[in-house]
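Let me begin by presenting the structure, written as structure tokens, before commenting on it.
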Amino acid sequence: MLARTAAGQAPGTEIAVLADDPAAALDIPAWCRMKGHTFVATEGDRHTVRL
């Protein structure tokens, strides 16, 4: 869902992902590295990404 939401968004856009899957804390930063985006932070179940 993150990839679909990110598609077509302007650089600098921040997306907050709400995920209760513990693997998201590893998967989302890894996705950011692969796609060249910035992983901003994790706060509880909220993971923030900057495109």
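Identifiers in the structure tokens: chain A, B, ... in order shown; residue index from 1 per chain; ligand index from 1 in order shown.
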
Do a neighbour search on segment 1-15 of chain A at 9 Å with only C-alpha atoms, toss out local chain neighbours closer than 3 positions, and write the hits as a ChimeraX atom specification. /A:28,31,37,40,47-51

Please write the residues from the selection above to a file, keeping all heavy atoms, as a short mmCIF file (atom, residue, chain, number, x, y, z; two decimals), in the first residue's frame.
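Final file, out-v9.cif:
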data_model
loop_
_atom_site.label_atom_id
_atom_site.label_comp_id
_atom_site.auth_asym_id
_atom_site.auth_seq_id
_atom_site.Cartn_x
_atom_site.Cartn_y
_atom_site.Cartn_z
N ILE A 28 9.67 -1.18 6.36
CA ILE A 28 9.48 0.18 5.83
C ILE A 28 10.82 0.90 5.65
O ILE A 28 11.07 1.46 4.58
CB ILE A 28 8.47 0.98 6.66
CG1 ILE A 28 7.08 0.32 6.50
CG2 ILE A 28 8.44 2.45 6.25
CD1 ILE A 28 6.01 0.89 7.39
N TRP A 31 12.44 -0.61 2.58
CA TRP A 31 11.79 -0.14 1.35
C TRP A 31 12.30 1.26 1.00
O TRP A 31 12.59 1.55 -0.16
CB TRP A 31 10.27 -0.13 1.53
CG TRP A 31 9.53 0.35 0.34
CD1 TRP A 31 9.17 -0.38 -0.76
CD2 TRP A 31 9.06 1.68 0.10
NE1 TRP A 31 8.50 0.41 -1.66
CE2 TRP A 31 8.42 1.69 -1.16
CE3 TRP A 31 9.10 2.86 0.82
CZ2 TRP A 31 7.85 2.82 -1.70
CZ3 TRP A 31 8.53 3.99 0.27
CH2 TRP A 31 7.91 3.96 -0.97
N HIS A 37 14.11 6.82 -0.73
CA HIS A 37 13.32 7.73 0.09
C HIS A 37 13.93 7.81 1.49
O HIS A 37 14.83 7.03 1.83
CB HIS A 37 11.87 7.27 0.18
CG HIS A 37 11.20 7.17 -1.16
ND1 HIS A 37 11.18 8.20 -2.07
CD2 HIS A 37 10.53 6.14 -1.75
CE1 HIS A 37 10.52 7.83 -3.15
NE2 HIS A 37 10.13 6.57 -2.98
N VAL A 40 11.79 8.62 8.20
CA VAL A 40 11.87 9.69 9.18
C VAL A 40 11.88 9.16 10.60
O VAL A 40 12.78 9.47 11.38
CB VAL A 40 10.71 10.70 8.98
CG1 VAL A 40 10.73 11.79 10.03
CG2 VAL A 40 10.76 11.30 7.57
N HIS A 47 4.75 4.96 11.29
CA HIS A 47 6.05 5.02 10.61
C HIS A 47 5.96 6.13 9.57
O HIS A 47 5.06 6.12 8.72
CB HIS A 47 6.35 3.69 9.92
CG HIS A 47 6.14 2.50 10.85
ND1 HIS A 47 7.09 2.09 11.73
CD2 HIS A 47 5.07 1.70 11.01
CE1 HIS A 47 6.62 1.06 12.41
NE2 HIS A 47 5.40 0.80 11.99
N THR A 48 6.88 7.09 9.61
CA THR A 48 6.82 8.23 8.71
C THR A 48 7.94 8.14 7.69
O THR A 48 9.10 7.88 8.02
CB THR A 48 6.93 9.55 9.49
OG1 THR A 48 5.90 9.57 10.50
CG2 THR A 48 6.74 10.74 8.59
N VAL A 49 7.55 8.40 6.42
CA VAL A 49 8.44 8.32 5.28
C VAL A 49 8.39 9.65 4.53
O VAL A 49 7.32 10.23 4.39
CB VAL A 49 7.97 7.19 4.31
CG1 VAL A 49 8.73 7.21 3.03
CG2 VAL A 49 8.05 5.84 5.00
N ARG A 50 9.55 10.14 4.09
CA ARG A 50 9.60 11.35 3.25
C ARG A 50 10.08 10.92 1.88
O ARG A 50 11.14 10.31 1.74
CB ARG A 50 10.53 12.40 3.84
CG ARG A 50 10.52 13.70 3.01
CD ARG A 50 11.40 14.80 3.63
NE ARG A 50 11.06 15.03 5.02
CZ ARG A 50 11.89 14.81 6.05
NH1 ARG A 50 13.11 14.34 5.84
NH2 ARG A 50 11.51 15.06 7.28
N LEU A 51 9.30 11.27 0.87
CA LEU A 51 9.64 10.90 -0.50
C LEU A 51 10.67 11.85 -1.08
O LEU A 51 10.84 12.94 -0.68
CB LEU A 51 8.39 10.91 -1.39
CG LEU A 51 7.24 10.04 -0.88
CD1 LEU A 51 6.06 10.16 -1.82
CD2 LEU A 51 7.66 8.61 -0.72
#

Strand (DSSP E) per DSSP on the backbone: members of chain A, as a list in words: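 Those in chain A that DSSP calls strand (DSSP E) are Glu14, Ile15, Ala16, Val17, Leu18, Thr38, Phe39, Val40, Ala41, Thr42, Glu43, Arg46, His47, Thr48, Val49 and Arg50 of chain A.
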
Output as a list in words all residues of chain A that backbone DSSP marks as alpha helix (DSSP H).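 Taking chain A and keeping alpha helix (DSSP H) only, one gets Leu2, Ala3, Arg4, Thr5, Ala6, Ala24, Ala25, Leu26, Asp27, Ile28, Pro29, Ala30, Trp31, Cys32, Arg33, Met34 and Lys35 of chain A.
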
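Every protein or nucleic acid residue with an atom no more than 12 Å from Pro22 of chain A, counting only C-alpha atoms and leaving out same-chain residues fewer than 5 positions away, appears here: Asp27, Ile28, Thr42, Gly44, Asp45, Arg46 and His47 of chain A.
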
Provide the atom CA of Phe39 of chain A to atom CA of Ala19 of chain A distance in Å, to one decimal place.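 We find that atom CA of Phe39 of chain A and atom CA of Ala19 of chain A lie 14.7 Å from each other.
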